[in-house]
Amino acid sequence: MVRARVTYNDNHLKALYSLTKTPYIVKKLISDGLWLAASLIAGIWLVKYEIRYRINTDYFFIALAFTVAMLRAWDIIKLLSSDKGELKLLPYPCSTEIIFGGEVLESFKLAENFTVHKTYPYGTINKAVETMNYFFIFVEANKAFIIHKSELTEGSVPELEHFLSARFGKRFIDKRSVKI
Amino acid sequence: MIRINSQRDKRMLLTELRMTMSFGAVMVLLMLLGLSVLCFVFCVHGVRVLYEHKEGFRYARVMYLVGGIACFFTAVSILIRAVRFVAAAVSLFGKRYSLSEELLFEDEGYTSRYTAENGVTVEGRYSYAAVKKVITYKDHILIASPDQTSVFRLSDITEGTAEELSAILAGKLGDRVTHK
């Protein structure tokens, strides 16, 4: 049996974001980049048109185009500089104990005013990923337990690797070379 | 102690949606769909303008082209979300939905137990301080706590009475109870 006790902090979110960010960033960059280009070109073209024909009615559209361009540029800067994406910590302090062993994965969420005990049959779990410092257990496609290897309280890292590999088969993805 | 055996079915699901959907949420959904339609209209308009003014300004052509592509991406991403939302709603209402949840209300808090169709079991023990909100609608009651939302009918009470439950909720939760 292997146990882990996890109290999520920013480092867990950063790790999960690092693991899953590429498709998210590419998707956002395409849309934001195109909007930035379109509004910049529109703004520049309107300014040229203004200068060439000396018409004073396009100021609103020039301002609008550059405002949209600025907002999109700001979005891109935020997207590229963010290390947690849109991931946020739970609004209440809690710790989660995760137990590997037997026929189901057990989790106990312990907070000040409540406790939640969940059991997941291993067949229902989406996948497990191991990186250099973390184990990610995706109980659903977009829901994961994030366990730093130092957070194991019973059992060892090789034991958990062996267990996950035996239980999950192809659903256990070895990414130990990834520095997360 | 009050014991409730709640049988959640599709009708219950509809009632739950009616209890939780706010006017603001519906308006946001409609606005997103409206935005998607606007983006598509701009795409079509852009293609038409490009075709009609083949000999026009170089910048205008580029602007319409890039703007059209940006609008297309935005519209498609919004539409994908809308389609996913509708598909989720259709699959939710299309498949057999039946969940049996047991609730126990005591002086200090309440306990909720259920087993999902995929075999995941959940048992949550919540003190009344953890409850986020309670909504009552006709003879239905919705209790939202961290990680868990329970819905039941007053007729599902198998031990204790509706009056006792109302007294507990009013006494322990006060202004967190909303009557719809």
# chains A, B, ... in the order shown; residues from 1 in each chain; ligands from 1
$ closest_atom_pairs --of "chain B" --to "chain A" --cutoff "6 Å" --atoms "only C-alpha atoms" --output "JSON lines"
{"residue": "B:Tyr59", "atom": "CA", "partner": "A:Trp45", "partner_atom": "CA", "distance": 5.9}
{"residue": "B:Met63", "atom": "CA", "partner": "A:Ala38", "partner_atom": "CA", "distance": 5.6}
{"residue": "B:Val66", "atom": "CA", "partner": "A:Ala38", "partner_atom": "CA", "distance": 5.2}
{"residue": "B:Gly67", "atom": "CA", "partner": "A:Ala38", "partner_atom": "CA", "distance": 4.8}
{"residue": "B:Ala70", "atom": "CA", "partner": "A:Leu34", "partner_atom": "CA", "distance": 5.0}
{"residue": "B:Val120", "atom": "CA", "partner": "A:Tyr120", "partner_atom": "CA", "distance": 4.8}
{"residue": "B:Thr121", "atom": "CA", "partner": "A:Thr119", "partner_atom": "CA", "distance": 5.2}
{"residue": "B:Val122", "atom": "CA", "partner": "A:Lys118", "partner_atom": "CA", "distance": 4.5}
{"residue": "B:Glu123", "atom": "CA", "partner": "A:His117", "partner_atom": "CA", "distance": 5.1}
{"residue": "B:Gly124", "atom": "CA", "partner": "A:Val116", "partner_atom": "CA", "distance": 4.1}
{"residue": "B:Arg125", "atom": "CA", "partner": "A:Thr115", "partner_atom": "CA", "distance": 5.3}
{"residue": "B:Tyr126", "atom": "CA", "partner": "A:Phe114", "partner_atom": "CA", "distance": 4.3}
{"residue": "B:Ser127", "atom": "CA", "partner": "A:Asn113", "partner_atom": "CA", "distance": 5.4}
{"residue": "B:Ala130", "atom": "CA", "partner": "A:Asn113", "partner_atom": "CA", "distance": 5.4}
$ residues_around --residues "Ser150 in chain A" --least-positions-apart "2" --cutoff "12 Å" --atoms "only C-alpha atoms" --output "PyMOL selection string"
chain A and resi 3-7+132-135+146-148+152-157
$ residues_around --residues "range 21-26 of chain A" --least-positions-apart "6" --cutoff "8 Å" --atoms "only C-alpha atoms" --output "ChimeraX atom specification"
/A:79-80,85
$ residues_around --residues "Asn142 in chain A" --least-positions-apart "3" --cutoff "12 Å" --atoms "only C-alpha atoms" --output "list in words"
Leu16, Tyr17, Thr20, Leu87, Ile125, Asn126, Lys127, Phe136, Ile137, Phe138, Val139 and Phe145 of chain A
$ closest_residue --among "B:His140, B:Arg3, B:Arg113, B:Arg96" --to "Gly160 in chain B" --atoms "only C-alpha atoms"
B:Arg3
$ residues_around --residues "Val151 in chain B" --least-positions-apart "4" --cutoff "9 Å" --atoms "only C-alpha atoms" --output "ChimeraX atom specification"
/B:6,8,12-13,16,101,140-144
$ write_last_selection --atoms "C-alpha atoms" --output "PDB file, in the first residue's frame"
ATOM      1  CA  SER B   6     -33.389  10.663  -2.475  1.00  0.00           C
ATOM      2  CA  ARG B   8     -32.603  11.456  -8.447  1.00  0.00           C
ATOM      3  CA  MET B  12     -35.218  15.974 -10.666  1.00  0.00           C
ATOM      4  CA  LEU B  13     -32.357  17.069 -12.900  1.00  0.00           C
ATOM      5  CA  GLU B  16     -32.202  21.229 -10.244  1.00  0.00           C
ATOM      6  CA  GLU B 101     -28.471   9.292  -2.459  1.00  0.00           C
ATOM      7  CA  HIS B 140     -37.728  20.356  -3.581  1.00  0.00           C
ATOM      8  CA  ILE B 141     -34.670  21.292  -1.551  1.00  0.00           C
ATOM      9  CA  LEU B 142     -31.158  21.812  -2.942  1.00  0.00           C
ATOM     10  CA  ILE B 143     -28.166  21.887  -0.614  1.00  0.00           C
ATOM     11  CA  ALA B 144     -24.877  23.091  -2.086  1.00  0.00           C
TER      12      ALA B 144
END
$ select_by_dssp --residues "chain B" --states "alpha helix (DSSP H)" --output "ChimeraX atom specification"
/B:10-20,23-52,58-94,162-173
$ atom_distance --atom1 "CA of Arg18 in chain B" --atom2 "CA of Thr111 in chain B"
24.6 Å
$ residues_around --residues "Tyr64 in chain B" --least-positions-apart "4" --cutoff "9 Å" --atoms "only C-alpha atoms" --output "PyMOL selection string"
(chain A and resi 38+42) or (chain B and resi 43+45-47+49-50+59-60+68-69)
$ write_last_selection --atoms "C-alpha atoms" --output "compact mmCIF listing (two decimals), in the first residue's frame"
# COMPACT_ATOMS: atom_id res chain seq x y z
CA ALA A 38 -6.67 42.27 -37.70
CA ALA A 42 -7.42 47.99 -39.40
CA CYS B 43 -16.92 36.42 -42.18
CA HIS B 45 -19.45 40.00 -45.36
CA GLY B 46 -15.64 39.98 -45.52
CA VAL B 47 -15.61 37.38 -48.28
CA VAL B 49 -16.25 42.67 -49.82
CA LEU B 50 -13.01 40.99 -50.87
CA TYR B 59 -4.57 47.24 -46.69
CA ALA B 60 -8.35 46.90 -46.78
CA GLY B 68 -12.46 37.35 -41.35
CA ILE B 69 -10.13 34.55 -40.26
$ closest_residue --among "A:Leu29, A:Asp75, A:Glu103, A:Ser95" --to "Gly119 in chain B" --atoms "only C-alpha atoms"
A:Glu103
$ residues_around --residues "range 90-92 of chain B" --least-positions-apart "3" --cutoff "12 Å" --atoms "only C-alpha atoms" --output "list in words"
Asp9, Lys10, Arg11, Leu13, Leu14, Val83, Arg84, Phe85, Val86, Ala87, Lys95, Arg96, Tyr97 and Ser98 of chain B
$ write_last_selection --atoms "N, CA and C atoms" --output "short mmCIF file (atom, residue, chain, number, x, y, z; two decimals), in the first residue's frame"
data_model
loop_
_atom_site.label_atom_id
_atom_site.label_comp_id
_atom_site.auth_asym_id
_atom_site.auth_seq_id
_atom_site.Cartn_x
_atom_site.Cartn_y
_atom_site.Cartn_z
N ASP B 9 -33.77 11.47 -10.56
CA ASP B 9 -34.02 11.06 -11.93
C ASP B 9 -33.98 12.28 -12.84
N LYS B 10 -34.41 12.09 -14.10
CA LYS B 10 -34.32 13.18 -15.07
C LYS B 10 -35.19 14.38 -14.67
N ARG B 11 -36.35 14.09 -14.15
CA ARG B 11 -37.25 15.19 -13.75
C ARG B 11 -36.60 16.02 -12.66
N LEU B 13 -33.46 16.35 -12.27
CA LEU B 13 -32.36 17.07 -12.90
C LEU B 13 -32.86 18.40 -13.48
N LEU B 14 -34.02 18.32 -14.13
CA LEU B 14 -34.62 19.53 -14.70
C LEU B 14 -34.94 20.54 -13.61
N VAL B 83 -22.09 23.71 -28.99
CA VAL B 83 -22.44 22.34 -29.41
C VAL B 83 -22.13 21.35 -28.29
N ARG B 84 -20.97 21.55 -27.63
CA ARG B 84 -20.61 20.65 -26.51
C ARG B 84 -21.65 20.74 -25.40
N PHE B 85 -22.08 21.99 -25.11
CA PHE B 85 -23.06 22.22 -24.05
C PHE B 85 -24.36 21.51 -24.38
N VAL B 86 -24.81 21.70 -25.65
CA VAL B 86 -26.06 21.08 -26.08
C VAL B 86 -25.91 19.55 -26.08
N ALA B 87 -24.73 19.06 -26.58
CA ALA B 87 -24.51 17.60 -26.63
C ALA B 87 -24.51 17.02 -25.22
N LYS B 95 -29.77 9.67 -21.76
CA LYS B 95 -29.47 8.37 -21.13
C LYS B 95 -30.26 8.19 -19.82
N ARG B 96 -30.26 6.96 -19.41
CA ARG B 96 -30.98 6.66 -18.17
C ARG B 96 -30.23 7.30 -17.01
N TYR B 97 -30.90 8.11 -16.26
CA TYR B 97 -30.23 8.76 -15.14
C TYR B 97 -30.95 8.38 -13.86
N SER B 98 -30.23 7.74 -13.01
CA SER B 98 -30.82 7.35 -11.75
C SER B 98 -29.73 7.30 -10.69
#
$ atom_distance --atom1 "CA of Val178 in chain A" --atom2 "CA of Asp10 in chain A"
19.0 Å
$ atom_distance --atom1 "CA of Leu165 in chain B" --atom2 "CA of Ile2 in chain B"
7.0 Å
$ closest_residue --among "B:Gly109, B:Glu52, B:Phe42, B:Met1" --to "Leu173 in chain B" --atoms "only C-alpha atoms"
B:Gly109
